[in-house]
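Colleague: Input file: model.txt. Contents: compact mmCIF, C-alpha atoms.
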# COMPACT_ATOMS: atom_id res chain seq x y z
CA MET A 1 -64.30 0.22 -17.50
CA LYS A 2 -65.50 2.38 -14.69
CA ARG A 3 -65.76 1.00 -11.24
CA ILE A 4 -69.05 1.56 -9.44
CA SER A 5 -68.94 1.84 -5.68
CA ALA A 6 -72.05 0.74 -3.88
CA LYS A 7 -73.15 2.86 -0.99
CA GLY A 8 -72.39 1.28 2.27
CA ILE A 9 -69.74 -1.06 0.92
CA LYS A 10 -66.41 -0.36 2.55
CA SER A 11 -63.19 -0.42 0.54
CA SER A 12 -60.70 -3.14 1.21
CA ARG A 13 -58.34 -2.51 4.08
CA MET A 14 -55.24 -4.51 5.02
CA SER A 15 -53.19 -3.80 8.10
CA LEU A 16 -49.41 -3.75 8.05
CA VAL A 17 -49.44 -7.04 9.96
CA ASP A 18 -51.52 -8.63 7.22
CA ILE A 19 -49.15 -7.37 4.50
CA LEU A 20 -46.14 -8.65 6.44
CA GLY A 21 -47.80 -12.00 6.83
CA GLU A 22 -48.50 -12.24 3.11
CA SER A 23 -44.89 -11.25 2.33
CA VAL A 24 -43.40 -13.83 4.68
CA SER A 25 -45.76 -16.44 3.28
CA GLY A 26 -44.61 -15.57 -0.23
CA MET A 27 -40.96 -15.95 0.74
CA MET A 28 -41.47 -19.20 2.66
CA THR A 29 -43.51 -20.78 -0.13
CA ARG A 30 -40.39 -20.89 -2.31
CA PRO A 31 -37.47 -21.11 0.14
CA GLY A 32 -34.98 -22.26 -2.50
CA ARG A 33 -35.73 -19.33 -4.74
CA ALA A 34 -35.65 -16.96 -1.76
CA ALA A 35 -32.21 -18.27 -0.79
CA LEU A 36 -30.88 -17.85 -4.33
CA THR A 37 -32.37 -14.37 -4.51
CA SER A 38 -30.63 -13.37 -1.28
CA LEU A 39 -27.37 -14.85 -2.49
CA GLY A 40 -26.64 -11.84 -4.68
CA THR A 41 -27.10 -9.50 -1.73
CA VAL A 42 -25.06 -11.80 0.52
CA ILE A 43 -22.14 -11.65 -1.90
CA GLY A 44 -22.45 -7.90 -2.39
CA VAL A 45 -22.68 -7.07 1.32
CA THR A 46 -19.89 -9.54 2.14
CA VAL A 47 -17.59 -7.79 -0.29
CA PHE A 48 -18.80 -4.41 0.98
CA VAL A 49 -18.00 -5.17 4.62
CA ALA A 50 -14.81 -7.11 3.87
CA THR A 51 -13.35 -4.47 1.57
CA LEU A 52 -14.04 -1.61 3.95
CA GLY A 53 -12.62 -3.61 6.86
CA LEU A 54 -9.55 -4.71 4.94
CA ALA A 55 -9.01 -1.17 3.66
CA SER A 56 -9.04 0.16 7.23
CA THR A 57 -6.79 -2.65 8.44
CA ALA A 58 -4.30 -2.23 5.60
CA ALA A 59 -4.36 1.54 6.09
CA GLY A 60 -3.41 1.02 9.71
CA GLN A 61 -0.43 -1.06 8.65
CA ILE A 62 0.62 1.55 6.09
CA SER A 63 0.33 4.27 8.70
CA SER A 64 2.57 2.43 11.15
CA ARG A 65 5.19 1.74 8.51
CA PHE A 66 5.22 5.35 7.39
CA ASP A 67 5.62 6.48 10.97
CA ALA A 68 8.39 3.95 11.61
CA MET A 69 10.60 4.26 8.55
CA ALA A 70 9.51 6.09 5.43
CA ALA A 71 9.59 9.55 6.98
CA THR A 72 13.11 9.34 8.44
CA GLU A 73 15.36 9.65 5.37
CA VAL A 74 16.97 12.77 3.90
CA THR A 75 19.50 12.77 1.07
CA VAL A 76 21.84 15.67 0.27
CA THR A 77 23.77 15.88 -3.04
CA ASP A 78 26.49 18.33 -4.07
CA GLN A 79 25.03 18.85 -7.50
CA THR A 80 25.43 22.45 -8.60
CA SER A 81 25.49 24.26 -11.91
CA LEU A 82 28.84 26.01 -11.68
CA PRO A 83 27.95 28.93 -13.99
CA ASP A 84 25.10 29.83 -11.63
CA LEU A 85 27.38 30.27 -8.63
CA PRO A 86 28.54 33.74 -7.56
CA LEU A 87 32.20 34.54 -8.02
CA GLY A 88 34.35 32.99 -5.31
CA VAL A 89 31.77 30.40 -4.13
CA ILE A 90 33.23 26.90 -4.16
CA PRO A 91 30.80 24.00 -4.73
CA GLY A 92 30.76 20.80 -2.70
CA PHE A 93 30.13 19.78 0.88
CA GLY A 94 33.07 21.54 2.41
CA ASP A 95 35.01 20.20 5.40
CA ASP A 96 33.45 17.41 7.49
CA PRO A 97 29.78 17.69 6.52
CA GLU A 98 28.84 14.83 8.86
CA LEU A 99 30.08 16.79 11.87
CA ALA A 100 28.20 19.88 10.75
CA ALA A 101 25.01 17.92 10.16
CA SER A 102 25.22 16.18 13.54
CA LYS A 103 24.44 19.48 15.29
CA ILE A 104 20.87 19.49 13.92
CA ASN A 105 18.19 18.40 16.37
CA GLY A 106 16.41 15.23 15.27
CA LEU A 107 19.32 13.81 13.24
CA SER A 108 20.31 10.28 14.27
CA ALA A 109 23.12 9.37 11.85
CA SER A 110 24.61 10.41 8.54
CA GLY A 111 27.12 9.02 6.08
CA ILE A 112 28.68 9.97 2.75
CA TYR A 113 28.82 7.64 -0.24
CA PHE A 114 29.96 7.94 -3.84
CA THR A 115 31.18 5.79 -6.72
CA PRO A 116 34.92 6.31 -7.28
CA ASP A 117 36.20 6.93 -10.81
CA ILE A 118 38.25 3.76 -11.25
CA THR A 119 40.68 3.93 -14.17
CA THR A 120 42.39 0.83 -15.57
CA SER A 121 45.96 0.62 -16.83
CA GLU A 122 44.57 1.30 -20.33
CA ASP A 123 43.06 4.57 -19.05
CA ASN A 124 39.55 3.18 -19.41
CA SER A 125 37.13 4.37 -16.77
CA VAL A 126 35.21 1.41 -15.33
CA GLN A 127 32.74 0.96 -12.54
CA GLY A 128 34.68 -1.83 -10.90
CA SER A 129 36.05 -5.27 -11.58
CA LEU A 130 36.55 -7.53 -8.59
CA TRP A 131 38.85 -10.51 -8.49
CA PRO A 132 38.18 -13.23 -5.93
CA PRO A 133 40.80 -14.13 -3.32
CA GLY A 134 44.05 -15.30 -4.88
CA PRO A 135 47.34 -13.97 -6.28
CA PRO A 136 46.84 -11.05 -8.66
CA ASN A 137 49.10 -12.70 -11.26
CA ALA A 138 46.97 -15.85 -11.38
CA GLU A 139 44.42 -16.52 -14.08
CA LYS A 140 41.85 -13.79 -13.72
CA ASN A 141 38.15 -14.63 -13.60
CA SER A 142 36.91 -11.20 -12.63
CA VAL A 143 33.41 -10.31 -11.50
CA SER A 144 31.96 -6.94 -12.48
CA VAL A 145 30.64 -5.17 -9.39
CA ASP A 146 29.78 -1.73 -8.09
CA VAL A 147 32.33 -0.08 -5.84
CA MET A 148 31.05 2.35 -3.25
CA ALA A 149 33.29 4.62 -1.21
CA VAL A 150 31.56 5.36 2.09
CA THR A 151 32.27 6.88 5.48
CA PRO A 152 31.85 4.81 8.67
CA GLY A 153 28.62 6.64 9.48
CA PHE A 154 27.04 5.26 6.30
CA PHE A 155 26.44 1.86 7.91
CA THR A 156 24.45 3.37 10.78
CA ALA A 157 22.53 5.73 8.49
CA VAL A 158 21.30 2.91 6.23
CA HIS A 159 20.58 0.57 9.18
CA ALA A 160 23.02 -2.04 7.90
CA GLU A 161 22.81 -5.52 9.40
CA LEU A 162 26.02 -7.55 9.33
CA GLN A 163 25.97 -11.19 8.34
CA GLN A 164 29.45 -11.66 9.78
CA GLY A 165 32.62 -9.75 10.48
CA ARG A 166 32.60 -6.04 11.21
CA GLU A 167 32.31 -2.65 9.59
CA PHE A 168 35.30 -0.39 9.09
CA ASP A 169 35.49 2.53 11.49
CA ILE A 170 37.14 5.92 11.93
CA PHE A 171 40.52 4.21 12.46
CA HIS A 172 40.44 2.62 9.02
CA GLN A 173 39.19 5.87 7.50
CA THR A 174 41.88 8.03 9.09
CA ARG A 175 44.70 5.66 8.11
CA GLU A 176 43.28 5.11 4.60
CA GLU A 177 43.35 1.37 5.16
CA PRO A 178 42.70 -0.97 2.17
CA VAL A 179 39.75 -2.78 3.77
CA ALA A 180 36.40 -3.70 2.30
CA VAL A 181 32.94 -4.78 3.38
CA LEU A 182 31.01 -6.83 0.84
CA GLY A 183 27.31 -6.69 0.18
CA ARG A 184 25.51 -10.00 0.57
CA ALA A 185 24.91 -10.42 -3.17
CA THR A 186 28.56 -9.69 -4.01
CA ALA A 187 29.81 -12.19 -1.45
CA GLN A 188 27.52 -14.85 -2.94
CA ARG A 189 28.79 -14.17 -6.46
CA LEU A 190 32.37 -14.60 -5.24
CA GLY A 191 31.52 -17.73 -3.29
CA LEU A 192 32.85 -16.07 -0.16
CA GLY A 193 31.23 -17.66 2.88
CA THR A 194 33.46 -16.47 5.72
CA VAL A 195 35.72 -13.53 6.56
CA GLU A 196 37.45 -15.08 9.57
CA GLN A 197 40.81 -15.10 7.75
CA GLN A 198 40.16 -11.67 6.16
CA PRO A 199 40.50 -12.86 2.56
CA THR A 200 41.92 -10.45 0.00
CA VAL A 201 40.05 -9.30 -3.08
CA PHE A 202 41.46 -7.15 -5.87
CA ILE A 203 39.79 -4.15 -7.39
CA GLU A 204 41.73 -3.39 -10.58
CA ASN A 205 44.96 -4.82 -9.11
CA GLN A 206 44.43 -3.01 -5.80
CA PRO A 207 44.27 -5.47 -2.85
CA PHE A 208 41.62 -5.08 -0.17
CA SER A 209 41.12 -7.17 2.95
CA VAL A 210 37.50 -8.22 3.45
CA ILE A 211 36.51 -7.64 7.07
CA GLY A 212 32.73 -8.02 6.90
CA ILE A 213 29.65 -8.92 4.91
CA VAL A 214 26.45 -6.83 5.03
CA ASP A 215 23.32 -8.98 5.13
CA ASP A 216 20.66 -6.28 4.74
CA VAL A 217 20.10 -2.51 4.60
CA GLU A 218 16.92 -0.47 4.95
CA ARG A 219 17.96 2.26 2.47
CA VAL A 220 20.44 2.65 -0.41
CA PRO A 221 19.87 -0.98 -1.51
CA MET A 222 22.72 -0.87 -4.04
CA ALA A 223 25.01 -1.45 -1.05
CA LEU A 224 24.00 -5.12 -1.11
CA THR A 225 25.44 -5.56 -4.60
CA SER A 226 28.58 -3.48 -4.02
CA VAL A 227 31.99 -3.51 -2.43
CA LEU A 228 32.14 -0.86 0.29
CA ILE A 229 35.54 0.72 0.95
CA PRO A 230 36.60 3.76 3.03
CA ASP A 231 36.16 7.06 1.20
CA THR A 232 39.68 8.20 2.11
CA THR A 233 41.17 5.02 0.66
CA ALA A 234 39.29 5.55 -2.59
CA ASN A 235 40.45 9.17 -2.75
CA ARG A 236 44.10 8.12 -2.24
CA ILE A 237 44.02 5.44 -4.94
CA TRP A 238 41.73 6.89 -7.61
CA GLY A 239 41.35 10.52 -6.61
CA ALA A 240 38.47 12.43 -5.05
CA PRO A 241 35.37 13.18 -7.14
CA GLY A 242 35.03 16.69 -8.45
CA PRO A 243 32.93 19.00 -6.25
CA GLY A 244 29.62 20.12 -7.60
CA GLU A 245 29.32 17.24 -10.09
CA GLY A 246 26.62 15.39 -8.18
CA GLN A 247 28.78 12.33 -7.50
CA VAL A 248 28.83 12.63 -3.71
CA SER A 249 25.72 12.12 -1.57
CA LEU A 250 25.02 12.34 2.13
CA VAL A 251 22.36 9.96 3.43
CA VAL A 252 20.76 11.06 6.70
CA ASP A 253 18.73 9.05 9.19
CA THR A 254 16.42 11.16 11.34
CA GLU A 255 14.17 10.58 14.28
CA ILE A 256 10.51 9.86 13.55
CA GLY A 257 8.75 13.02 12.42
CA ALA A 258 11.95 15.09 12.14
CA ALA A 259 12.72 14.59 8.45
CA GLN A 260 10.99 17.80 7.36
CA GLN A 261 12.83 19.89 9.92
CA VAL A 262 16.21 18.28 9.24
CA GLY A 263 15.72 18.65 5.49
CA ALA A 264 14.96 22.34 5.87
CA GLU A 265 18.06 23.03 8.00
CA ILE A 266 20.75 20.67 6.78
CA ALA A 267 21.95 22.65 3.75
CA THR A 268 22.47 25.73 5.91
CA ALA A 269 24.23 23.69 8.59
CA ILE A 270 26.69 22.17 6.10
CA ARG A 271 27.26 25.21 3.90
CA PRO A 272 26.25 28.30 5.89
CA ASP A 273 28.09 30.51 3.40
CA TYR A 274 25.98 29.39 0.42
CA PRO A 275 23.37 26.64 1.08
CA GLY A 276 22.28 26.73 -2.54
CA VAL A 277 25.24 24.58 -3.64
CA LEU A 278 23.52 21.54 -2.11
CA GLN A 279 20.36 19.79 -3.22
CA VAL A 280 18.20 18.25 -0.49
CA GLN A 281 15.73 15.45 -1.08
CA MET A 282 13.32 14.70 1.73
CA PRO A 283 10.20 12.55 1.88
CA PRO A 284 6.82 14.25 1.53
CA ASP A 285 4.84 14.96 4.64
CA PRO A 286 4.01 11.41 5.82
CA ARG A 287 0.55 12.39 6.99
CA THR A 288 -0.36 13.82 3.58
CA LEU A 289 1.09 10.85 1.73
CA ARG A 290 -0.48 8.36 4.11
CA ASP A 291 -3.91 9.99 3.88
CA GLY A 292 -3.65 10.04 0.09
CA ILE A 293 -2.86 6.34 -0.08
CA ASN A 294 -5.59 5.51 2.43
CA ASN A 295 -8.14 7.48 0.40
CA ASP A 296 -7.04 5.79 -2.82
CA MET A 297 -7.34 2.33 -1.26
CA THR A 298 -10.71 3.10 0.30
CA GLY A 299 -12.02 4.53 -2.98
CA LEU A 300 -10.85 1.47 -4.91
CA PHE A 301 -12.44 -0.95 -2.45
CA MET A 302 -15.64 1.10 -2.30
CA ALA A 303 -15.93 0.97 -6.09
CA LEU A 304 -15.56 -2.81 -5.98
CA ALA A 305 -18.18 -3.07 -3.22
CA VAL A 306 -20.64 -0.89 -5.15
CA VAL A 307 -20.23 -3.09 -8.23
CA CYS A 308 -20.94 -6.19 -6.16
CA LEU A 309 -24.00 -4.56 -4.57
CA PHE A 310 -25.25 -3.60 -8.02
CA VAL A 311 -24.90 -7.20 -9.15
CA GLY A 312 -26.90 -8.29 -6.08
CA ALA A 313 -29.58 -5.70 -6.84
CA VAL A 314 -29.91 -6.94 -10.41
CA GLY A 315 -30.31 -10.50 -9.10
CA ILE A 316 -33.08 -9.48 -6.71
CA ALA A 317 -34.86 -7.44 -9.38
CA ASN A 318 -34.69 -10.26 -11.89
CA THR A 319 -35.93 -12.91 -9.47
CA THR A 320 -38.71 -10.68 -8.10
CA LEU A 321 -39.88 -9.88 -11.64
CA VAL A 322 -40.00 -13.58 -12.50
CA SER A 323 -41.95 -14.18 -9.30
CA VAL A 324 -44.46 -11.49 -10.29
CA ILE A 325 -44.97 -13.08 -13.71
CA GLU A 326 -45.47 -16.52 -12.20
CA ARG A 327 -47.93 -15.24 -9.59
CA VAL A 328 -50.17 -13.27 -11.92
CA PRO A 329 -53.21 -15.51 -11.23
CA GLU A 330 -52.68 -15.09 -7.49
CA ILE A 331 -52.42 -11.33 -7.89
CA GLY A 332 -55.57 -11.25 -10.03
CA LEU A 333 -57.48 -13.27 -7.45
CA ARG A 334 -56.44 -10.99 -4.63
CA ARG A 335 -57.37 -7.93 -6.67
CA ALA A 336 -60.78 -9.50 -7.43
CA LEU A 337 -61.31 -10.07 -3.71
CA GLY A 338 -60.74 -6.38 -3.03
CA ALA A 339 -56.97 -5.90 -2.58
CA ARG A 340 -55.79 -2.47 -3.67
CA LYS A 341 -52.83 -1.71 -5.93
CA PHE A 342 -51.05 -0.35 -2.87
CA HIS A 343 -51.44 -3.66 -1.04
CA ILE A 344 -49.97 -5.65 -3.95
CA ALA A 345 -47.05 -3.25 -4.38
CA ALA A 346 -46.34 -3.21 -0.63
CA GLN A 347 -46.33 -7.01 -0.46
CA PHE A 348 -43.69 -7.40 -3.16
CA LEU A 349 -41.64 -4.48 -1.85
CA ILE A 350 -41.57 -6.02 1.61
CA GLU A 351 -40.61 -9.39 0.14
CA SER A 352 -37.68 -7.94 -1.78
CA ALA A 353 -36.62 -5.74 1.17
CA GLY A 354 -36.85 -8.74 3.52
CA LEU A 355 -34.67 -10.83 1.23
CA GLY A 356 -32.18 -7.96 1.04
CA PHE A 357 -32.21 -7.55 4.83
CA ILE A 358 -31.51 -11.25 5.38
CA GLY A 359 -28.77 -11.15 2.76
CA GLY A 360 -27.30 -8.10 4.49
CA MET A 361 -27.13 -9.83 7.86
CA VAL A 362 -25.51 -12.93 6.41
CA GLY A 363 -23.13 -10.79 4.33
CA ALA A 364 -22.12 -8.69 7.34
CA THR A 365 -21.26 -11.85 9.26
CA LEU A 366 -19.23 -13.31 6.40
CA GLY A 367 -17.50 -9.98 5.71
CA ALA A 368 -16.47 -9.49 9.33
CA SER A 369 -15.24 -13.09 9.47
CA THR A 370 -13.17 -12.48 6.33
CA VAL A 371 -11.50 -9.41 7.81
CA ILE A 372 -10.69 -11.23 11.05
CA GLY A 373 -9.38 -14.28 9.19
CA VAL A 374 -7.11 -12.27 6.89
CA SER A 375 -5.85 -10.18 9.81
CA LEU A 376 -5.00 -13.27 11.84
CA ALA A 377 -3.20 -14.83 8.88
CA GLN A 378 -1.13 -11.65 8.38
CA THR A 379 -0.69 -11.03 12.14
CA TRP A 380 -2.42 -7.66 11.79
CA GLY A 381 -4.79 -5.97 14.18
CA PRO A 382 -8.26 -6.08 12.53
CA LEU A 383 -10.00 -2.73 12.27
CA LEU A 384 -13.77 -2.91 11.83
CA ASP A 385 -16.03 0.12 12.04
CA PRO A 386 -19.14 -0.91 14.03
CA ARG A 387 -21.21 1.43 11.87
CA THR A 388 -20.35 -0.67 8.82
CA ILE A 389 -21.55 -3.87 10.50
CA ILE A 390 -24.75 -2.26 11.81
CA SER A 391 -25.58 -0.58 8.53
CA ALA A 392 -24.95 -3.67 6.37
CA PRO A 393 -28.44 -5.23 6.87
CA LEU A 394 -30.00 -1.81 6.25
CA VAL A 395 -27.95 -1.46 3.06
CA GLY A 396 -29.20 -4.89 2.00
CA ALA A 397 -32.81 -3.89 2.71
CA GLY A 398 -32.33 -0.67 0.75
CA ILE A 399 -30.92 -2.61 -2.19
CA GLY A 400 -33.92 -4.93 -1.98
CA LEU A 401 -36.35 -1.98 -1.99
CA LEU A 402 -34.71 -0.42 -5.03
CA ALA A 403 -34.49 -3.73 -6.82
CA GLY A 404 -38.13 -4.55 -6.09
CA ALA A 405 -39.53 -1.17 -7.14
CA TYR A 406 -40.23 -2.01 -10.77
CA PRO A 407 -41.53 -5.56 -10.20
CA SER A 408 -43.84 -4.23 -7.46
CA TRP A 409 -45.11 -1.46 -9.72
CA ARG A 410 -45.76 -4.00 -12.48
CA ALA A 411 -47.58 -6.30 -10.07
CA ALA A 412 -49.75 -3.43 -8.83
CA ARG A 413 -50.81 -2.57 -12.39
CA THR A 414 -52.13 -6.08 -13.02
CA GLU A 415 -55.80 -5.95 -13.91
CA PRO A 416 -57.94 -8.63 -12.14
CA ALA A 417 -59.91 -9.76 -15.20
CA GLN A 418 -56.85 -10.09 -17.40
CA ALA A 419 -54.90 -11.87 -14.64
CA LEU A 420 -57.67 -14.41 -14.05
CA ARG A 421 -57.89 -15.22 -17.76
CA SER A 422 -54.09 -15.98 -17.94
Have the structure of the file written as structure tokens, please.
Modeller:
Amino acid sequence: MKRISAKGIKSSRMSLVDILGESVSGMMTRPGRAALTSLGTVIGVTVFVATLGLASTAAGQISSRFDAMAATEVTVTDQTSLPDLPLGVIPGFGDDPELAASKINGLSASGIYFTPDITTSEDNSVQGSLWPPGPPNAEKNSVSVDVMAVTPGFFTAVHAELQQGREFDIFHQTREEPVAVLGRATAQRLGLGTVEQQPTVFIENQPFSVIGIVDDVERVPMALTSVLIPDTTANRIWGAPGPGEGQVSLVVDTEIGAAQQVGAEIATAIRPDYPGVLQVQMPPDPRTLRDGINNDMTGLFMALAVVCLFVGAVGIANTTLVSVIERVPEIGLRRALGARKFHIAAQFLIESAGLGFIGGMVGATLGASTVIGVSLAQTWGPLLDPRTIISAPLVGAGIGLLAGAYPSWRAARTEPAQALRS
């Protein structure tokens, strides 16, 4: 049906203030529904702000830990394929590798460790069988343990913390003394609570005086479940490990940021004649690794936030569409009184955008509170990007606009005559 415009009759005009007033009136008429409609956006924006804030805060903690510890360890192993060596080149670390390594700038401490080849009286190679304090001829209730032969510098290199007693030193190493330091787990298995009297334990009938117990280490964690003895003592009793077989390792503690440099120079410092006989393991560049983890965490949290925002958008769209269906008579009446399609569409768009904006403000507040609460509980320093907080209400309004696009278009297409008959 064609519309006939009479000359002199002006088309309907509504100012922006009028449309805003109609939109606010529509929202306030059903406050319960408006609150429930905004709830989806509130949840989505809350998760959005909280996840981004927690990602930044957690990334800051990861960064500090990488800077403090993870980038300060280098391990050198004498693992070499003998057929690949030139004629006359002898594998292994050579003489006093710790002294040679100590000349590298940025190196804090280093220590050698290996597992001795313990052979029983029946010529069976075992890892280690430890007998608690007591005469060796008494009834044997042995405990299977790891035995590690280490140099005195090992304790400093792994940042060992003593529970009691002391570590063995260069004196014990030089004199090949039969002394031992127990890891915390080994001492608990033996029921050994004190070393004041230097109790004696037996490793395959070989007596060792316990002079200390290690409570914790920051690297080479197998030390906590092992018996640590001087490397020279192990060599005297069971023989030195074969060079080039990968049994001997040198753990190195470096200053912060020096691991890459130390790792590049240490093989040459220890074996200047042929550095290729040693294998060096160093951590990746901490900045690259840290940035990779931060990006992964941020991407994961962003995906979760987008899903939550999508759920909020679906809620707004669904509720706005239901509102359009329920208000068909009202829309028809307004169209009959001269309202244009644009006016109807703008009203519902503003309503949905307003609900999204309100949900965004509430969500930003709840999200920031969540980040601060979690940070306080974990004793972290909260990191919140102000741009995230400022943009959250705008994100909510944008979600509302997108969600209200179809319902607004459907409302604008409502014909007055058909609407008034419904």
Colleague: Which residues are close to region 84-92 of chain A, i.e. within 10 Å by only C-alpha atoms, leaving aside same-chain residues fewer than 4 positions away? Reply as JSON, numbers by chain.
Modeller: {"A": [77, 78, 79, 80, 97, 241, 242, 243, 244, 245, 246, 247, 248, 270, 271, 273, 274, 275, 276, 277, 278]}
Colleague: For Val262 (chain A), which residue out of A:Ala313, A:Ile104, A:Val227, A:Ala50 is the nearest one, using only C-alpha atoms?
Modeller: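 Checking each candidate against Val262 (chain A), we get A:Ile104 as the closest.
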Colleague: Quick one: everything within 7 Å of region 233-236 of chain A, counting all atoms listed in the file, minus sequence neighbours fewer than 5 positions away in the same chain. Send it as a PyMOL selection string.
Modeller: chain A and resi 116+149+176-178
Colleague: Can you tell me how far CA of Ala368 (chain A) sits from CA of Gly44 (chain A), in Å to one decimal?
Modeller: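 Separation between CA of Ala368 (chain A) and CA of Gly44 (chain A): 13.3 Å.
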Colleague: Give me the residues within 10 Å of Ile372 (chain A) as a short mmCIF file (atom, residue, chain, number, x, y, z; two decimals) with C-alpha atoms, in the coordinates of the input, counting only C-alpha atoms and dropping any in the same chain fewer than 3 places off.
Modeller:
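So out23.cif came out as:
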data_model
loop_
_atom_site.label_atom_id
_atom_site.label_comp_id
_atom_site.auth_asym_id
_atom_site.auth_seq_id
_atom_site.Cartn_x
_atom_site.Cartn_y
_atom_site.Cartn_z
CA ALA A 50 -14.81 -7.11 3.87
CA GLY A 53 -12.62 -3.61 6.86
CA LEU A 54 -9.55 -4.71 4.94
CA THR A 57 -6.79 -2.65 8.44
CA LEU A 366 -19.23 -13.31 6.40
CA GLY A 367 -17.50 -9.98 5.71
CA ALA A 368 -16.47 -9.49 9.33
CA SER A 369 -15.24 -13.09 9.47
CA SER A 375 -5.85 -10.18 9.81
CA LEU A 376 -5.00 -13.27 11.84
CA ALA A 377 -3.20 -14.83 8.88
CA GLN A 378 -1.13 -11.65 8.38
CA TRP A 380 -2.42 -7.66 11.79
CA GLY A 381 -4.79 -5.97 14.18
CA PRO A 382 -8.26 -6.08 12.53
CA LEU A 383 -10.00 -2.73 12.27
CA LEU A 384 -13.77 -2.91 11.83
#
Colleague: In Å, how far is it from CA of Ser110 (chain A) to CA of Leu250 (chain A)?
Modeller: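 We find that CA of Ser110 (chain A) and CA of Leu250 (chain A) lie 6.7 Å from each other.
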Colleague: Figure out the distance between CA of Thr75 (chain A) and CA of Ala240 (chain A), please, to one decimal in Å.
Modeller: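 CA of Ala240 (chain A) sits 19.9 Å away from CA of Thr75 (chain A).
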Colleague: Compare A:Val74, A:Phe93, A:Met361, A:Val42 by their minimum atom-to-atom distance to Thr268 (chain A), counting only C-alpha atoms, and give me the closest one.
Modeller: A:Phe93
Colleague: Pick out the closest residue to Ala345 (chain A) from this set: A:Pro407, A:Pro199, A:Pro207, A:Gly153. Count all atoms listed in the file.
Modeller: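 The closest residue to Ala345 (chain A) is A:Pro407.
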Colleague: My list of candidates is A:Val220, A:Ile211, A:Ile229, A:Val145. Which is closest to Leu190 (chain A) when distances are computed with all atoms listed in the file?
Modeller: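 Once distances to Leu190 (chain A) are computed over all atoms listed in the file, the minimum belongs to A:Val145.
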Colleague: Using all atoms listed in the file, find the one residue out of A:Gly263, A:Pro272, A:Gly363, A:Gly332 that sits nearest to Ala305 (chain A).
Modeller: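 Looking at the shortest contact to Ala305 (chain A), the residue is A:Gly363.
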Colleague: Near Val147 (chain A), counting all atoms listed in the file, which residues have an atom at most 10 Å away, once you skip same-chain residues fewer than 3 positions from it, shown as a ChimeraX atom specification?
Modeller: /A:114-118,127-130,144,150,180,182,203,222-223,225-229,234
Colleague: Counting all atoms listed in the file, select every polymer residue within 10 Å of (19.8, 3.6, 6.2) as defined in the file's coordinates, and provide the selection as an MDAnalysis selection string.
Modeller: chainID A and resid 69 72:74 109:111 153:160 217:221 251:254
Colleague: Leaving out region 354-356 of chain A and any residue of its chain fewer than 2 positions from it, which residues lie within 7 Å of it when counting all atoms listed in the file, given as a ChimeraX atom specification?
Modeller: /A:34,38,41,350-352,358-360,396-397,399-400
Colleague: Selection from above, C-alpha atoms, as a compact mmCIF listing (two decimals), in the frame of the given file, can you write it?
Modeller:
# COMPACT_ATOMS: atom_id res chain seq x y z
CA ALA A 34 -35.65 -16.96 -1.76
CA SER A 38 -30.63 -13.37 -1.28
CA THR A 41 -27.10 -9.50 -1.73
CA ILE A 350 -41.57 -6.02 1.61
CA GLU A 351 -40.61 -9.39 0.14
CA SER A 352 -37.68 -7.94 -1.78
CA ILE A 358 -31.51 -11.25 5.38
CA GLY A 359 -28.77 -11.15 2.76
CA GLY A 360 -27.30 -8.10 4.49
CA GLY A 396 -29.20 -4.89 2.00
CA ALA A 397 -32.81 -3.89 2.71
CA ILE A 399 -30.92 -2.61 -2.19
CA GLY A 400 -33.92 -4.93 -1.98
Colleague: Would you kindly identify which residues have an atom no farther than 7 Å from (-21.3, -4.8, 0.1), using only C-alpha atoms and the file's own coordinates, and write them out as a PyMOL selection string?
Modeller: chain A and resi 44-49+305-306+308-309
Colleague: Looking at A:Ser391, A:Met282, A:Leu349, A:Arg166, which one is nearest to Val76 (chain A), with distances taken over all atoms listed in the file?
Modeller: A:Met282
